[in-house]
Amino acid sequence: MSGTVRAVGGPPIALVGDGTPVRCLDGTDRPYLSLDAAASTAALPAVWARVEAFIPSYSSVHRGAGYKSRLSTDAYEDARAAVLDFAGRSGRDDVAIICRNTTEALNHLAYRLNLGRDDVVVTTVVEHHANLLPWARVASCRYVECGPEGTFEVADVDAALDAQPRPALLALTGASNVTGWLPPVDAIVESAHRRGVPVVVDAAQLAPHRPLPRAPEFLAFSGHKLYAPFGAGALVGPSHAFTEGDPFLAGGGAVDLVDLGEVLWTEPPEREEAGSPNVVGAVALHAALRSMCEVGWGPIIEHDRRLARRLREGLRAIPGVHLLGPQDPGHDTLPLAAFTVEGVPHALVAARLAAEEGIGVRHGCFCAHPYLARLLGLTGAQMAAYRDELRRGDRRRVPGAVRASCGINTTEADVDRLLAALARIATGAPPPVAYHQDPRTGDFFPDPEAGHWSTQRATGAGACSPG
Ligand SMILES: Cc1ncc(COP(=O)(O)O)c(C=O)c1O
């Protein structure tokens with residue numbers, strides 16, 4: 001295990017692998033700086049330690065009578081209980097279904113709610129594709145629009161809830177992965193409930209940064225954004241929503257009795273978890289949730305707010321850098337920011353930060369194309385032109401932005417390092433070597449002949465920004 005390990009206290013808390021040296025274009029090794037926590041985080045030391053300690057006990061879950069099977073089953077069920085506890089749902093008739101991630105959780109729910117084309121799901125243009133596409137596939141969607149800063153009011157949601165036909169569900173993000181905006185979830189959920197509309201909150205971004213709301217019927221989140229990168233996430237919801245009908249996955253573990261002509265499904269949550277579960281992922285998720293609780297929301301939120309303000313104020317102060325989303329630096333957002341740099345394609349900004357500075361950020365449309373189109377003010381004609389280019393396999397002009405996002409390990413010095421690097425790029429400092437763009441992916445790479453950047457590193461990878 002590498003990286004500086006600190007006892008769990010107030011953030012920043014170093015994560016496993018922090019400080020890994022990266023050879024940059026000038027031949028200098030710089031400590032790798034991940035400002036991509038909104039995509040995925042490294043493991044908390046306590047998570048890695050728990051996984052290492054658990055591995056010798058690893059065995060089949062719910063499938064064996066042996067000693068290790070019992071240990072593994074207990075660890076798995078403890079993790080399930082911890083998810084319910086973290087979501088503030090212990091003692092309620094709720095179940096936690098362990099799945100791969102938020103995307104799977106929302107697809108699972110979309111299948112399970114048994115919606116049809118006549119059913120309306122109210123959702124918003126702010127959503128990640130994971131909270132748009134599953135609903136559009138099974139029902140008719142009614143979208144809450146946003147303003148130029150990428151936000152909307154409770155009244156905008158109310159209008160969509162009040163339109164006819166009456167909606168069957170409200171699917172809402174707890175926090176935007178693009179602007180870090182925190183919609184007024186509690187007020188919106190209350191409004192939906194007053195109208196008898198159940199709510200699912202996509203808590204992928206919210207869960208690492210704020211307590212989960214208790215009122216929505218359903219919640220989904222991912223362990224890999226929460227310092228538990230071992231492939232487990234959760235769908236939480238009332239048990240009765242999963243007691244009737246076919247489960248999302250059919251197979252072993254989800255049944256009480258199978259005859260060739262008939263199947264007797266078992267009770268939830270097992271009914272919803274056919275196949276061998278990801279026990280290591282669940283154990284890691286449990287350890288991460290425990291660590292978050294030990295640190296406490298107070299210090300986490302204070303840390304986030306400090307970083308959010310420094311990042312957003314810093315970006316706004318750099319000439320040529322345009323922040324997307326809420327402009328007031330005092331606006332309470334997650335510690336992340338998406339921005340464009342005048343005259344420099346988003347993919348080139350990201351490539352230069354990586355190759356010249358050892359800084360990892362995300363660029364593109366962040367799996368939220370409708371939101372980005374609005375934030376960037378793209379017209380229908382522009383979108384159609386990009387679509388045509390994409391159909392021809394040309395990704396050179398794909399619109400987008402750059403996103404920097406902070407986690408529990410990010411320091412103010414890290415933010416300053418990004419800001420200094422961006423200031424150099426935005427004020428026109430020429431790159432030390434030529435960069436070439438791959439038309440198939442849209443990504444830029446330094447000239448492979450350039451001293452310290454090997455051809456092997458520069459090619460053969462997948463695109464950095466597919467949406
Ligand atoms: C708001 C939001 N929802 C859903 C997802 C999908 O999460 P996952 O990739 O873990 O399924 C993401 C991932 O970035 C996200 O930011």
# chains A, B, ... in the order shown; residues from 1 in each chain; ligands from 1

$ residues_near_ligand --ligand "ligand 1" --cutoff "8 Å" --atoms "only C-alpha atoms and all ligand atoms" --output "ChimeraX atom specification"
/A:38-40,100-105,127-131,173-178,202-206,221-225,233,366-367

$ residues_around --residues "A:Glu356" --least-positions-apart "2" --cutoff "10 Å" --atoms "only C-alpha atoms" --output "list in words"
Val22, Arg23, Cys24, Leu25, Asp26, Gly27, Thr28, Arg30, Ala351, Arg352, Leu353, Ala354, Gly358, Ile359, Ala421, Pro431, Pro432, Val433, Pro446 and Trp453 of chain A

$ select_by_dssp --residues "stretch 380-427 of chain A" --states "helix (DSSP H, G or I)" --output "PyMOL selection string"
chain A and resi 380-391+412-426

$ residues_around --residues "A:Gly428" --least-positions-apart "6" --cutoff "12 Å" --atoms "only C-alpha atoms" --output "list in words"
Ile318, Pro319, Gly320, Val321, Val341, Glu342, Gly343, Val344, Val349, Ala421 and Leu422 of chain A

$ select_by_dssp --residues "stretch 118-193 of chain A" --states "strand (DSSP E)" --output "number ranges by chain"
A: 120-124, 140-144, 169-173

$ closest_atom_pairs --of "stretch 355-384 of chain A" --to "stretch 146-162 of chain A" --cutoff "12 Å" --atoms "only C-alpha atoms" --output "tab-separated table"
residue	atom	partner	partner_atom	distance
A:Ala368	CA	A:Gly150	CA	11.8
A:Pro370	CA	A:Cys146	CA	10.4
A:Tyr371	CA	A:Gly150	CA	7.4
A:Leu372	CA	A:Gly150	CA	8.9
A:Ala373	CA	A:Gly150	CA	10.5
A:Arg374	CA	A:Pro148	CA	7.1
A:Leu375	CA	A:Pro148	CA	6.2
A:Leu376	CA	A:Pro148	CA	8.8
A:Gly377	CA	A:Pro148	CA	8.0
A:Leu378	CA	A:Pro148	CA	11.5

$ residues_around --residues "A:Arg142" --least-positions-apart "6" --cutoff "12 Å" --atoms "only C-alpha atoms" --output "PDB file with N, CA and C atoms, in the first residue's frame"
ATOM      1  N   ASP A 118     -47.482   4.804 -21.172  1.00  0.00           N
ATOM      2  CA  ASP A 118     -48.500   5.743 -20.689  1.00  0.00           C
ATOM      3  C   ASP A 118     -48.107   6.375 -19.358  1.00  0.00           C
ATOM      4  N   ASP A 119     -47.069   5.860 -18.759  1.00  0.00           N
ATOM      5  CA  ASP A 119     -46.617   6.437 -17.487  1.00  0.00           C
ATOM      6  C   ASP A 119     -45.626   7.564 -17.755  1.00  0.00           C
ATOM      7  N   VAL A 120     -45.750   8.621 -16.947  1.00  0.00           N
ATOM      8  CA  VAL A 120     -44.847   9.767 -17.093  1.00  0.00           C
ATOM      9  C   VAL A 120     -43.856   9.783 -15.931  1.00  0.00           C
ATOM     10  N   VAL A 121     -42.588   9.911 -16.275  1.00  0.00           N
ATOM     11  CA  VAL A 121     -41.559  10.144 -15.257  1.00  0.00           C
ATOM     12  C   VAL A 121     -41.097  11.589 -15.424  1.00  0.00           C
ATOM     13  N   VAL A 122     -41.203  12.349 -14.360  1.00  0.00           N
ATOM     14  CA  VAL A 122     -40.667  13.715 -14.386  1.00  0.00           C
ATOM     15  C   VAL A 122     -39.204  13.625 -14.013  1.00  0.00           C
ATOM     16  N   THR A 123     -38.352  14.173 -14.872  1.00  0.00           N
ATOM     17  CA  THR A 123     -36.940  14.247 -14.546  1.00  0.00           C
ATOM     18  C   THR A 123     -36.434  15.604 -15.040  1.00  0.00           C
ATOM     19  N   THR A 124     -35.138  15.827 -15.030  1.00  0.00           N
ATOM     20  CA  THR A 124     -34.648  17.179 -15.313  1.00  0.00           C
ATOM     21  C   THR A 124     -33.509  17.132 -16.330  1.00  0.00           C
ATOM     22  N   VAL A 125     -33.277  18.266 -16.973  1.00  0.00           N
ATOM     23  CA  VAL A 125     -32.196  18.313 -17.964  1.00  0.00           C
ATOM     24  C   VAL A 125     -30.819  18.363 -17.306  1.00  0.00           C
ATOM     25  N   LEU A 132     -31.370   9.503 -16.880  1.00  0.00           N
ATOM     26  CA  LEU A 132     -32.228   9.907 -18.000  1.00  0.00           C
ATOM     27  C   LEU A 132     -32.602   8.695 -18.848  1.00  0.00           C
ATOM     28  N   TRP A 135     -35.096   5.827 -17.785  1.00  0.00           N
ATOM     29  CA  TRP A 135     -36.511   6.237 -17.722  1.00  0.00           C
ATOM     30  C   TRP A 135     -37.078   6.411 -19.121  1.00  0.00           C
ATOM     31  N   ALA A 136     -36.263   7.004 -20.008  1.00  0.00           N
ATOM     32  CA  ALA A 136     -36.733   7.223 -21.385  1.00  0.00           C
ATOM     33  C   ALA A 136     -37.001   5.892 -22.072  1.00  0.00           C
ATOM     34  N   ASP A 156     -40.456  25.249 -10.661  1.00  0.00           N
ATOM     35  CA  ASP A 156     -40.320  24.636 -11.996  1.00  0.00           C
ATOM     36  C   ASP A 156     -40.651  23.145 -11.924  1.00  0.00           C
ATOM     37  N   VAL A 157     -40.214  22.521 -10.844  1.00  0.00           N
ATOM     38  CA  VAL A 157     -40.519  21.090 -10.679  1.00  0.00           C
ATOM     39  C   VAL A 157     -42.015  20.934 -10.421  1.00  0.00           C
ATOM     40  N   ASP A 158     -42.560  21.821  -9.608  1.00  0.00           N
ATOM     41  CA  ASP A 158     -43.999  21.752  -9.312  1.00  0.00           C
ATOM     42  C   ASP A 158     -44.810  21.799 -10.602  1.00  0.00           C
ATOM     43  N   ALA A 159     -44.402  22.692 -11.514  1.00  0.00           N
ATOM     44  CA  ALA A 159     -45.158  22.833 -12.775  1.00  0.00           C
ATOM     45  C   ALA A 159     -45.142  21.507 -13.535  1.00  0.00           C
ATOM     46  N   ALA A 160     -43.995  20.847 -13.551  1.00  0.00           N
ATOM     47  CA  ALA A 160     -43.913  19.562 -14.269  1.00  0.00           C
ATOM     48  C   ALA A 160     -44.719  18.487 -13.538  1.00  0.00           C
ATOM     49  N   LEU A 161     -44.738  18.562 -12.209  1.00  0.00           N
ATOM     50  CA  LEU A 161     -45.502  17.567 -11.437  1.00  0.00           C
ATOM     51  C   LEU A 161     -47.002  17.773 -11.626  1.00  0.00           C
ATOM     52  N   ASP A 162     -47.406  19.039 -11.842  1.00  0.00           N
ATOM     53  CA  ASP A 162     -48.830  19.345 -11.943  1.00  0.00           C
ATOM     54  C   ASP A 162     -49.386  19.139 -13.354  1.00  0.00           C
ATOM     55  N   ALA A 163     -48.498  19.055 -14.340  1.00  0.00           N
ATOM     56  CA  ALA A 163     -48.980  18.866 -15.715  1.00  0.00           C
ATOM     57  C   ALA A 163     -49.628  17.486 -15.836  1.00  0.00           C
ATOM     58  N   GLN A 164     -50.499  17.367 -16.824  1.00  0.00           N
ATOM     59  CA  GLN A 164     -51.205  16.093 -17.047  1.00  0.00           C
ATOM     60  C   GLN A 164     -50.576  15.350 -18.213  1.00  0.00           C
ATOM     61  N   PRO A 165     -50.549  14.045 -18.283  1.00  0.00           N
ATOM     62  CA  PRO A 165     -51.040  13.157 -17.235  1.00  0.00           C
ATOM     63  C   PRO A 165     -50.153  13.199 -15.984  1.00  0.00           C
ATOM     64  N   ARG A 166     -50.793  12.834 -14.889  1.00  0.00           N
ATOM     65  CA  ARG A 166     -50.136  12.842 -13.584  1.00  0.00           C
ATOM     66  C   ARG A 166     -48.916  11.906 -13.609  1.00  0.00           C
ATOM     67  N   PRO A 167     -47.766  12.388 -13.111  1.00  0.00           N
ATOM     68  CA  PRO A 167     -46.569  11.537 -13.176  1.00  0.00           C
ATOM     69  C   PRO A 167     -46.596  10.350 -12.220  1.00  0.00           C
ATOM     70  N   ALA A 168     -45.880   9.317 -12.609  1.00  0.00           N
ATOM     71  CA  ALA A 168     -45.767   8.125 -11.764  1.00  0.00           C
ATOM     72  C   ALA A 168     -44.548   8.204 -10.871  1.00  0.00           C
ATOM     73  N   LEU A 169     -43.599   9.058 -11.222  1.00  0.00           N
ATOM     74  CA  LEU A 169     -42.320   9.102 -10.489  1.00  0.00           C
ATOM     75  C   LEU A 169     -41.604  10.414 -10.789  1.00  0.00           C
ATOM     76  N   LEU A 170     -40.844  10.885  -9.812  1.00  0.00           N
ATOM     77  CA  LEU A 170     -39.898  11.985 -10.038  1.00  0.00           C
ATOM     78  C   LEU A 170     -38.494  11.412  -9.874  1.00  0.00           C
ATOM     79  N   ALA A 171     -37.662  11.583 -10.895  1.00  0.00           N
ATOM     80  CA  ALA A 171     -36.270  11.105 -10.847  1.00  0.00           C
ATOM     81  C   ALA A 171     -35.361  12.327 -10.858  1.00  0.00           C
ATOM     82  N   LEU A 172     -34.654  12.537  -9.757  1.00  0.00           N
ATOM     83  CA  LEU A 172     -33.947  13.800  -9.539  1.00  0.00           C
ATOM     84  C   LEU A 172     -32.527  13.537  -9.066  1.00  0.00           C
TER      85      LEU A 172
END

$ closest_residue --among "A:Leu113, A:Ile98, A:Leu334, A:Val199" --to "A:His303" --atoms "only C-alpha atoms"
A:Leu334

$ atom_distance --atom1 "atom CA of A:Ala139" --atom2 "atom CA of A:His108"
14.1 Å

$ atom_distance --atom1 "atom CA of A:Thr379" --atom2 "atom CA of A:Thr333"
27.1 Å

$ closest_residue --among "A:Ala215, A:Ile13, A:Trp48, A:Leu390" --to "A:Ile188" --atoms "only C-alpha atoms"
A:Ala215

$ residues_around --residues "stretch 276-280 of chain A" --least-positions-apart "2" --cutoff "9 Å" --atoms "only C-alpha atoms" --output "PyMOL selection string"
chain A and resi 51+54-55+58-63+72-73+75-76+79+98-100+230-232+252-253+273-274+282-285

$ residues_around --residues "A:Ala338" --least-positions-apart "3" --cutoff "7 Å" --atoms "only C-alpha atoms" --output "PDB file with N, CA and C atoms, in the first residue's frame"
ATOM      1  N   VAL A 178     -21.749  18.035 -13.058  1.00  0.00           N
ATOM      2  CA  VAL A 178     -21.129  18.983 -13.991  1.00  0.00           C
ATOM      3  C   VAL A 178     -20.844  20.314 -13.299  1.00  0.00           C
ATOM      4  N   THR A 179     -21.856  20.850 -12.638  1.00  0.00           N
ATOM      5  CA  THR A 179     -21.693  22.169 -12.016  1.00  0.00           C
ATOM      6  C   THR A 179     -21.533  22.070 -10.498  1.00  0.00           C
ATOM      7  N   LEU A 323     -16.366  29.772 -16.132  1.00  0.00           N
ATOM      8  CA  LEU A 323     -16.963  28.777 -15.234  1.00  0.00           C
ATOM      9  C   LEU A 323     -18.392  28.488 -15.694  1.00  0.00           C
ATOM     10  N   LEU A 324     -18.775  27.219 -15.729  1.00  0.00           N
ATOM     11  CA  LEU A 324     -20.159  26.869 -16.051  1.00  0.00           C
ATOM     12  C   LEU A 324     -20.951  26.727 -14.750  1.00  0.00           C
ATOM     13  N   ALA A 401     -16.352  20.639 -21.982  1.00  0.00           N
ATOM     14  CA  ALA A 401     -15.693  21.502 -21.014  1.00  0.00           C
ATOM     15  C   ALA A 401     -14.685  20.654 -20.253  1.00  0.00           C
ATOM     16  N   VAL A 402     -14.001  21.284 -19.327  1.00  0.00           N
ATOM     17  CA  VAL A 402     -13.050  20.585 -18.461  1.00  0.00           C
ATOM     18  C   VAL A 402     -13.658  20.600 -17.066  1.00  0.00           C
ATOM     19  N   ARG A 403     -13.469  19.517 -16.329  1.00  0.00           N
ATOM     20  CA  ARG A 403     -14.009  19.496 -14.961  1.00  0.00           C
ATOM     21  C   ARG A 403     -12.902  19.126 -13.973  1.00  0.00           C
ATOM     22  N   ALA A 404     -12.795  19.917 -12.926  1.00  0.00           N
ATOM     23  CA  ALA A 404     -11.893  19.582 -11.813  1.00  0.00           C
ATOM     24  C   ALA A 404     -12.779  19.278 -10.613  1.00  0.00           C
TER      25      ALA A 404
END

$ atom_distance --atom1 "atom CA of A:Phe86" --atom2 "atom CA of A:His209"
12.5 Å

$ residues_around --residues "A:Pro439" --least-positions-apart "6" --cutoff "9 Å" --atoms "only C-alpha atoms" --output "PyMOL selection string"
chain A and resi 393-397

$ write_last_selection --atoms "C-alpha atoms" --output "PDB file, in the first residue's frame"
ATOM      1  CA  GLY A 393     -16.433   8.827 -36.654  1.00  0.00           C
ATOM      2  CA  ASP A 394     -14.939  12.317 -36.343  1.00  0.00           C
ATOM      3  CA  ARG A 395     -14.718  13.466 -32.726  1.00  0.00           C
ATOM      4  CA  ARG A 396     -12.396  16.420 -33.224  1.00  0.00           C
ATOM      5  CA  ARG A 397     -14.984  19.111 -32.634  1.00  0.00           C
TER       6      ARG A 397
END
